[in-house]
Amino acid sequence: MWRKTKLLALAAIFMLSIALSACGSNDSKNNDTANSDSKDHLGQKELTLPYVSWASATASNNVMKVVLENAGYDVTLKSINSGAMYTSLANGEADASVCIWLPHTDAKYWNQYKDKLVHLGPNIEGAPLGLAVPTYMEDINSIKDLAKNTNSIGEKLDWTITGIEPGAGQMTVTKNEVMPKYGLDKWELQSSSSPAMASALSQAIEDKKPIVVTLWSPHWAFSKFDLKYLKDPKNLYGDPDNINTIVRKGLKDDAPAAYKILNQFKWSKDQIGKVMVMINNGMDPAKAAKKWVNHHQDMVNKWTKGVK
């Protein structure tokens with residue numbers, strides 16, 4: 001009787017061990033499936049985001065880098081000029097950009113490459129640009145005042161408008177449309193870079209000297225200084241643009257989660273302005289982006305909704 005009981009006990013232990021082993025195997029398969037699903041959802045894990053080093057573009061691309069990396073991607077930011085940005089997206093060397101000004105400013109590039117790109121829509125709405133001056137230049141309120149040489153403004157500025165990167169859409173519009181049609185024949189549009197323009201603007205304001213610059217909103221300068229856009233009665237700069245997100249063709253299939261995040265990315269001029277101010281105050285752009293993301297998880301959750 002004792003031997004029979006012992007044999008039954010051993011049999012029960014053997015059956016239990018088989019059941020536990022099966023459960024462990026199933027759990028392992030489930031975990032493997034989950035990991036596979038997550039990997040498949042990410043797709044291509046290495047992404048490149050090209051951008052022009054404008055203050056707004058630096059802020060938005062660094063924020064998007066943090067968000068995509070938190071989702072599991074390996075993101076490289078590439079600072080280049082406008083033409084190269086569009087070319088790299090069109091030929092598949094880069095994947096997405098969140099700093100595209102349409103329908104006016106980047107129209108030349110968009111019309112050239114739009115058949116090879118996917119437009120995901122605005123991430124910031126109502127972004128004006130134009131020629132700007134400090135508000136203490138009380139006699140200069142319109143682009144026409146430059147043409148009239150009001151208060152000898154031309155001589156005071158050596159007939160120079162301080163610009164940004166030569167390939168920027170705003171520079172093209174200013175040089176080819178605004179200056180000829182307002183009769184600014186004596187004036188020269190000086191190419192530089194966005195940081196160089198901002199530095200020149202800061203120095204002029206510190207010295208309380210006149211200056212005319214190509215500027216846009218959102219930009220940290222409007223938070224730091226008292227500035228005004230010169231009136232554009234011919235509306236050559238057009239109605240305010242939107243800042244848009246575009247991606248290369250095929251990204252939706254190659255990196256589904258990234259595509260979804262980029263497609264859901266929308267924020268305000270005030271929100272991007274906070275990132276720009278941190279950067280302008282000396283914070284590293286990557287650190288400023290991480291700080292903003294950490295303090296705005298409700299907004300980030302909207303961008304990542306539906307992403308595993």
# chains A, B, ... in the order shown; residues from 1 in each chain; ligands from 1
call {"tool": "select_by_dssp", "arguments": {"residues": "range 20-195 of chain A", "states": "strand (DSSP E)", "output": "VMD selection string"}}
result
chain A and resid 46 to 51 74 to 79 96 to 102 117 to 127 129 to 134 160 to 162 188 to 190
call {"tool": "write_last_selection", "arguments": {"atoms": "N, CA and C atoms", "output": "short mmCIF file (atom, residue, chain, number, x, y, z; two decimals), in the first residue's frame"}}
result
data_model
loop_
_atom_site.label_atom_id
_atom_site.label_comp_id
_atom_site.auth_asym_id
_atom_site.auth_seq_id
_atom_site.Cartn_x
_atom_site.Cartn_y
_atom_site.Cartn_z
N GLU A 46 17.10 53.07 -37.59
CA GLU A 46 17.98 54.23 -37.74
C GLU A 46 17.31 55.28 -38.63
N LEU A 47 17.16 56.48 -38.10
CA LEU A 47 16.49 57.57 -38.81
C LEU A 47 17.40 58.79 -38.88
N THR A 48 17.28 59.54 -39.97
CA THR A 48 18.02 60.78 -40.14
C THR A 48 17.04 61.93 -40.36
N LEU A 49 17.18 62.98 -39.56
CA LEU A 49 16.34 64.17 -39.68
C LEU A 49 17.21 65.34 -40.12
N PRO A 50 17.09 65.81 -41.36
CA PRO A 50 17.86 66.98 -41.80
C PRO A 50 17.12 68.26 -41.43
N TYR A 51 17.88 69.31 -41.17
CA TYR A 51 17.24 70.60 -40.84
C TYR A 51 18.22 71.73 -41.11
N ASP A 74 17.00 55.08 -33.29
CA ASP A 74 18.32 55.68 -33.23
C ASP A 74 18.32 56.83 -34.23
N VAL A 75 18.34 58.08 -33.73
CA VAL A 75 18.10 59.25 -34.58
C VAL A 75 19.36 60.09 -34.73
N THR A 76 19.66 60.45 -35.97
CA THR A 76 20.76 61.35 -36.28
C THR A 76 20.21 62.66 -36.82
N LEU A 77 20.62 63.78 -36.24
CA LEU A 77 20.25 65.09 -36.75
C LEU A 77 21.36 65.58 -37.68
N LYS A 78 20.94 66.16 -38.81
CA LYS A 78 21.91 66.61 -39.81
C LYS A 78 21.60 68.05 -40.19
N SER A 79 22.47 68.98 -39.80
CA SER A 79 22.29 70.39 -40.13
C SER A 79 22.88 70.69 -41.51
N ALA A 96 12.93 62.34 -42.65
CA ALA A 96 11.83 63.25 -42.34
C ALA A 96 12.37 64.61 -41.93
N SER A 97 11.52 65.63 -42.08
CA SER A 97 11.85 66.97 -41.59
C SER A 97 10.60 67.61 -41.01
N VAL A 98 10.76 68.33 -39.91
CA VAL A 98 9.62 68.98 -39.26
C VAL A 98 9.73 70.50 -39.33
N CYS A 99 10.50 70.99 -40.33
CA CYS A 99 10.73 72.44 -40.41
C CYS A 99 10.54 72.96 -41.84
N ILE A 100 9.44 72.55 -42.47
CA ILE A 100 9.17 72.92 -43.86
C ILE A 100 8.13 74.04 -43.90
N TRP A 101 8.50 75.19 -44.49
CA TRP A 101 7.63 76.36 -44.52
C TRP A 101 6.83 76.39 -45.82
N LEU A 102 5.53 76.17 -45.71
CA LEU A 102 4.63 76.15 -46.86
C LEU A 102 3.34 76.88 -46.51
N LEU A 117 8.07 63.10 -52.21
CA LEU A 117 7.91 63.33 -50.78
C LEU A 117 6.46 63.13 -50.36
N VAL A 118 6.25 62.97 -49.06
CA VAL A 118 4.90 62.83 -48.50
C VAL A 118 4.69 63.97 -47.51
N HIS A 119 3.64 64.75 -47.72
CA HIS A 119 3.33 65.89 -46.86
C HIS A 119 2.37 65.44 -45.76
N LEU A 120 2.79 65.53 -44.50
CA LEU A 120 1.96 65.09 -43.37
C LEU A 120 1.16 66.22 -42.75
N GLY A 121 1.35 67.45 -43.25
CA GLY A 121 0.56 68.57 -42.75
C GLY A 121 1.31 69.43 -41.77
N PRO A 122 0.65 70.50 -41.29
CA PRO A 122 1.32 71.46 -40.39
C PRO A 122 1.57 70.88 -39.00
N ASN A 123 2.72 71.24 -38.42
CA ASN A 123 2.92 70.97 -36.99
C ASN A 123 2.82 72.27 -36.18
N ILE A 124 2.96 73.43 -36.86
CA ILE A 124 2.68 74.74 -36.26
C ILE A 124 1.94 75.56 -37.31
N GLU A 125 0.85 76.18 -36.91
CA GLU A 125 0.06 76.97 -37.85
C GLU A 125 0.28 78.46 -37.61
N GLY A 126 0.23 79.22 -38.72
CA GLY A 126 0.33 80.67 -38.62
C GLY A 126 1.70 81.17 -38.25
N ALA A 127 2.68 80.97 -39.16
CA ALA A 127 4.06 81.37 -38.90
C ALA A 127 4.47 82.47 -39.88
N LEU A 129 6.63 85.72 -41.59
CA LEU A 129 8.02 86.12 -41.76
C LEU A 129 8.06 87.41 -42.56
N GLY A 130 9.22 88.06 -42.56
CA GLY A 130 9.36 89.32 -43.29
C GLY A 130 10.62 90.04 -42.89
N LEU A 131 10.65 91.34 -43.16
CA LEU A 131 11.75 92.18 -42.71
C LEU A 131 11.35 92.79 -41.36
N ALA A 132 12.28 92.76 -40.42
CA ALA A 132 11.98 93.24 -39.07
C ALA A 132 13.03 94.23 -38.60
N VAL A 133 12.60 95.12 -37.70
CA VAL A 133 13.49 96.14 -37.12
C VAL A 133 13.14 96.29 -35.64
N PRO A 134 14.05 96.85 -34.86
CA PRO A 134 13.71 97.18 -33.46
C PRO A 134 12.63 98.26 -33.42
N THR A 160 22.29 98.05 -46.43
CA THR A 160 22.43 96.60 -46.22
C THR A 160 21.30 96.04 -45.36
N ILE A 161 20.67 94.98 -45.84
CA ILE A 161 19.72 94.18 -45.06
C ILE A 161 20.45 92.93 -44.62
N THR A 162 20.43 92.64 -43.33
CA THR A 162 21.14 91.48 -42.80
C THR A 162 20.28 90.23 -42.94
N GLU A 188 21.41 96.03 -50.57
CA GLU A 188 22.03 94.71 -50.74
C GLU A 188 21.53 93.78 -49.64
N LEU A 189 21.19 92.56 -50.04
CA LEU A 189 20.80 91.54 -49.07
C LEU A 189 22.05 90.74 -48.71
N GLN A 190 22.51 90.90 -47.50
CA GLN A 190 23.75 90.27 -47.07
C GLN A 190 23.48 88.86 -46.53
#
call {"tool": "closest_atom_pairs", "arguments": {"of": "range 203-307 of chain A", "to": "range 109-116 of chain A", "cutoff": "10 Å", "atoms": "only C-alpha atoms", "output": "Markdown table"}}
result
| residue | atom | partner | partner_atom | distance |
| --- | --- | --- | --- | --- |
| A:Ile246 | CA | A:Lys114 | CA | 9.5 |
| A:Val247 | CA | A:Lys116 | CA | 9.3 |
| A:Arg248 | CA | A:Lys116 | CA | 6.8 |
| A:Lys249 | CA | A:Lys116 | CA | 6.2 |
| A:Gly250 | CA | A:Lys116 | CA | 9.8 |
call {"tool": "residues_around", "arguments": {"residues": "Thr174 in chain A", "least_positions_apart": "4", "cutoff": "12 Å", "atoms": "only C-alpha atoms", "output": "ChimeraX atom specification"}}
result
/A:105,129-131,143,161-164,166-170,178-184,187-191,213-215,232,235-238
call {"tool": "residues_around", "arguments": {"residues": "Asn141 in chain A", "least_positions_apart": "5", "cutoff": "12 Å", "atoms": "only C-alpha atoms", "output": "list in words"}}
result
Leu131, Ala132, Val133, Pro134, Thr135, Tyr136, Leu146, Ala147, Lys148, Asn149, Thr150, Asn151, Ile153, Val212, Leu227, Lys228, Tyr229, Leu230, Lys231, Asp232 and Pro233 of chain A
call {"tool": "closest_residue", "arguments": {"among": "A:Met171, A:Lys65, A:Gln271, A:Val52", "to": "Trp292 in chain A", "atoms": "only C-alpha atoms"}}
result
A:Gln271
call {"tool": "closest_residue", "arguments": {"among": "A:Ser142, A:Ile243, A:Val307, A:Glu155", "to": "Ala255 in chain A", "atoms": "only C-alpha atoms"}}
result
A:Val307
call {"tool": "residues_around", "arguments": {"residues": "Asn281 in chain A", "least_positions_apart": "3", "cutoff": "12 Å", "atoms": "only C-alpha atoms", "output": "list in words"}}
result
Trp220, Ala221, Ser223, Lys224, Lys274, Val275, Met276, Val277, Met278, Asp284, Pro285 and Ala288 of chain A
call {"tool": "write_last_selection", "arguments": {"atoms": "N, CA and C atoms", "output": "PDB file, in the first residue's frame"}}
result
ATOM      1  N   TRP A 220      13.111  83.171 -30.942  1.00  0.00           N
ATOM      2  CA  TRP A 220      13.336  83.640 -29.574  1.00  0.00           C
ATOM      3  C   TRP A 220      13.541  85.157 -29.506  1.00  0.00           C
ATOM      4  N   ALA A 221      13.960  85.774 -30.621  1.00  0.00           N
ATOM      5  CA  ALA A 221      14.236  87.217 -30.597  1.00  0.00           C
ATOM      6  C   ALA A 221      12.999  88.026 -30.232  1.00  0.00           C
ATOM      7  N   SER A 223      10.783  87.184 -28.137  1.00  0.00           N
ATOM      8  CA  SER A 223      10.588  87.088 -26.686  1.00  0.00           C
ATOM      9  C   SER A 223      11.592  87.954 -25.935  1.00  0.00           C
ATOM     10  N   LYS A 224      12.756  88.140 -26.518  1.00  0.00           N
ATOM     11  CA  LYS A 224      13.829  88.854 -25.839  1.00  0.00           C
ATOM     12  C   LYS A 224      13.850  90.349 -26.140  1.00  0.00           C
ATOM     13  N   LYS A 274       9.399  78.164 -25.807  1.00  0.00           N
ATOM     14  CA  LYS A 274      10.041  77.836 -24.533  1.00  0.00           C
ATOM     15  C   LYS A 274      11.338  77.069 -24.751  1.00  0.00           C
ATOM     16  N   VAL A 275      11.342  76.195 -25.744  1.00  0.00           N
ATOM     17  CA  VAL A 275      12.567  75.454 -26.059  1.00  0.00           C
ATOM     18  C   VAL A 275      13.619  76.408 -26.623  1.00  0.00           C
ATOM     19  N   MET A 276      13.212  77.307 -27.519  1.00  0.00           N
ATOM     20  CA  MET A 276      14.147  78.253 -28.134  1.00  0.00           C
ATOM     21  C   MET A 276      14.778  79.180 -27.097  1.00  0.00           C
ATOM     22  N   VAL A 277      13.994  79.620 -26.134  1.00  0.00           N
ATOM     23  CA  VAL A 277      14.522  80.515 -25.093  1.00  0.00           C
ATOM     24  C   VAL A 277      15.574  79.792 -24.257  1.00  0.00           C
ATOM     25  N   MET A 278      15.324  78.522 -23.911  1.00  0.00           N
ATOM     26  CA  MET A 278      16.309  77.760 -23.140  1.00  0.00           C
ATOM     27  C   MET A 278      17.617  77.641 -23.910  1.00  0.00           C
ATOM     28  N   ASP A 284      22.372  73.521 -23.876  1.00  0.00           N
ATOM     29  CA  ASP A 284      22.596  72.663 -25.038  1.00  0.00           C
ATOM     30  C   ASP A 284      21.242  72.261 -25.635  1.00  0.00           C
ATOM     31  N   PRO A 285      21.080  72.322 -26.979  1.00  0.00           N
ATOM     32  CA  PRO A 285      19.786  72.001 -27.597  1.00  0.00           C
ATOM     33  C   PRO A 285      19.233  70.638 -27.203  1.00  0.00           C
ATOM     34  N   ALA A 288      17.930  70.938 -23.645  1.00  0.00           N
ATOM     35  CA  ALA A 288      16.701  71.743 -23.624  1.00  0.00           C
ATOM     36  C   ALA A 288      15.518  70.913 -24.118  1.00  0.00           C
TER      37      ALA A 288
END
call {"tool": "residues_around", "arguments": {"residues": "Gln44 in chain A", "least_positions_apart": "4", "cutoff": "12 Å", "atoms": "only C-alpha atoms", "output": "ChimeraX atom specification"}}
result
/A:38-40,48,72-75,95,250-259
call {"tool": "decode", "arguments": {"residues": "range 115-131 of chain A", "atoms": "all heavy atoms", "output": "CSV table (one decimal), in the first residue's frame"}}
result
chain,number,residue,atom,x,y,z
A,115,ASP,N,6.9,65.3,-55.8
A,115,ASP,CA,6.5,64.0,-56.3
A,115,ASP,C,7.2,62.8,-55.6
A,115,ASP,O,6.8,61.7,-55.6
A,115,ASP,CB,6.7,63.9,-57.8
A,115,ASP,CG,5.8,64.8,-58.6
A,115,ASP,OD1,4.7,65.1,-58.0
A,115,ASP,OD2,6.1,65.1,-59.7
A,116,LYS,N,8.3,63.2,-54.9
A,116,LYS,CA,9.1,62.2,-54.2
A,116,LYS,C,9.0,62.3,-52.7
A,116,LYS,O,9.7,61.6,-52.0
A,116,LYS,CB,10.6,62.4,-54.6
A,116,LYS,CG,10.9,62.1,-56.1
A,116,LYS,CD,12.4,62.3,-56.4
A,116,LYS,CE,12.6,62.1,-57.9
A,116,LYS,NZ,14.1,62.3,-58.2
A,117,LEU,N,8.1,63.1,-52.2
A,117,LEU,CA,7.9,63.3,-50.8
A,117,LEU,C,6.5,63.1,-50.4
A,117,LEU,O,5.6,63.2,-51.2
A,117,LEU,CB,8.4,64.7,-50.4
A,117,LEU,CG,9.8,65.1,-50.8
A,117,LEU,CD1,10.1,66.6,-50.6
A,117,LEU,CD2,10.8,64.3,-50.0
A,118,VAL,N,6.2,63.0,-49.1
A,118,VAL,CA,4.9,62.8,-48.5
A,118,VAL,C,4.7,64.0,-47.5
A,118,VAL,O,5.5,64.1,-46.6
A,118,VAL,CB,4.7,61.5,-47.8
A,118,VAL,CG1,3.3,61.4,-47.2
A,118,VAL,CG2,5.0,60.3,-48.8
A,119,HIS,N,3.6,64.7,-47.7
A,119,HIS,CA,3.3,65.9,-46.9
A,119,HIS,C,2.4,65.4,-45.8
A,119,HIS,O,1.2,65.0,-46.0
A,119,HIS,CB,2.7,67.0,-47.7
A,119,HIS,CG,2.4,68.2,-47.0
A,119,HIS,ND1,1.4,69.1,-47.3
A,119,HIS,CD2,3.0,68.8,-45.9
A,119,HIS,CE1,1.3,70.1,-46.4
A,119,HIS,NE2,2.3,69.9,-45.6
A,120,LEU,N,2.8,65.5,-44.5
A,120,LEU,CA,2.0,65.1,-43.4
A,120,LEU,C,1.2,66.2,-42.8
A,120,LEU,O,0.4,66.0,-41.8
A,120,LEU,CB,2.8,64.4,-42.3
A,120,LEU,CG,3.6,63.2,-42.7
A,120,LEU,CD1,4.3,62.5,-41.6
A,120,LEU,CD2,2.7,62.2,-43.4
A,121,GLY,N,1.4,67.5,-43.3
A,121,GLY,CA,0.6,68.6,-42.8
A,121,GLY,C,1.3,69.4,-41.8
A,121,GLY,O,2.5,69.2,-41.4
A,122,PRO,N,0.7,70.5,-41.3
A,122,PRO,CA,1.3,71.5,-40.4
A,122,PRO,C,1.6,70.9,-39.0
A,122,PRO,O,0.7,70.1,-38.5
A,122,PRO,CB,0.3,72.6,-40.3
A,122,PRO,CG,-0.7,72.4,-41.4
A,122,PRO,CD,-0.7,70.9,-41.7
A,123,ASN,N,2.7,71.2,-38.4
A,123,ASN,CA,2.9,71.0,-37.0
A,123,ASN,C,2.8,72.3,-36.2
A,123,ASN,O,2.6,72.2,-35.0
A,123,ASN,CB,4.2,70.2,-36.7
A,123,ASN,CG,5.5,70.9,-37.3
A,123,ASN,OD1,5.8,72.0,-36.8
A,123,ASN,ND2,6.1,70.4,-38.3
A,124,ILE,N,3.0,73.4,-36.9
A,124,ILE,CA,2.7,74.7,-36.3
A,124,ILE,C,1.9,75.6,-37.3
A,124,ILE,O,2.4,75.6,-38.5
A,124,ILE,CB,4.0,75.5,-35.8
A,124,ILE,CG1,4.6,74.8,-34.6
A,124,ILE,CG2,3.7,76.9,-35.5
A,124,ILE,CD1,5.9,75.4,-34.2
A,125,GLU,N,0.9,76.2,-36.9
A,125,GLU,CA,0.1,77.0,-37.9
A,125,GLU,C,0.3,78.5,-37.6
A,125,GLU,O,0.5,78.9,-36.5
A,125,GLU,CB,-1.4,76.6,-37.7
A,125,GLU,CG,-1.7,75.2,-38.1
A,125,GLU,CD,-3.2,74.9,-38.0
A,125,GLU,OE1,-4.0,75.7,-37.5
A,125,GLU,OE2,-3.6,73.8,-38.6
A,126,GLY,N,0.2,79.2,-38.7
A,126,GLY,CA,0.3,80.7,-38.6
A,126,GLY,C,1.7,81.2,-38.2
A,126,GLY,O,1.9,81.7,-37.2
A,127,ALA,N,2.7,81.0,-39.2
A,127,ALA,CA,4.1,81.4,-38.9
A,127,ALA,C,4.5,82.5,-39.9
A,127,ALA,O,4.9,82.2,-41.0
A,127,ALA,CB,5.0,80.2,-39.0
A,128,PRO,N,4.4,83.7,-39.5
A,128,PRO,CA,4.7,84.8,-40.4
A,128,PRO,C,6.2,85.0,-40.5
A,128,PRO,O,7.0,84.6,-39.7
A,128,PRO,CB,4.1,86.0,-39.7
A,128,PRO,CG,4.1,85.7,-38.3
A,128,PRO,CD,3.9,84.2,-38.2
A,129,LEU,N,6.6,85.7,-41.6
A,129,LEU,CA,8.0,86.1,-41.8
A,129,LEU,C,8.1,87.4,-42.6
A,129,LEU,O,7.1,87.8,-43.2
A,129,LEU,CB,8.8,85.0,-42.4
A,129,LEU,CG,8.3,84.4,-43.7
A,129,LEU,CD1,8.6,85.3,-44.9
A,129,LEU,CD2,9.0,83.1,-44.0
A,130,GLY,N,9.2,88.1,-42.6
A,130,GLY,CA,9.4,89.3,-43.3
A,130,GLY,C,10.6,90.0,-42.9
A,130,GLY,O,11.6,89.4,-42.3
A,131,LEU,N,10.7,91.3,-43.2
A,131,LEU,CA,11.7,92.2,-42.7
A,131,LEU,C,11.4,92.8,-41.4
A,131,LEU,O,10.2,93.3,-41.2
A,131,LEU,CB,12.0,93.3,-43.7
A,131,LEU,CG,12.5,92.8,-45.1
A,131,LEU,CD1,12.7,94.0,-46.0
A,131,LEU,CD2,13.7,91.9,-45.1
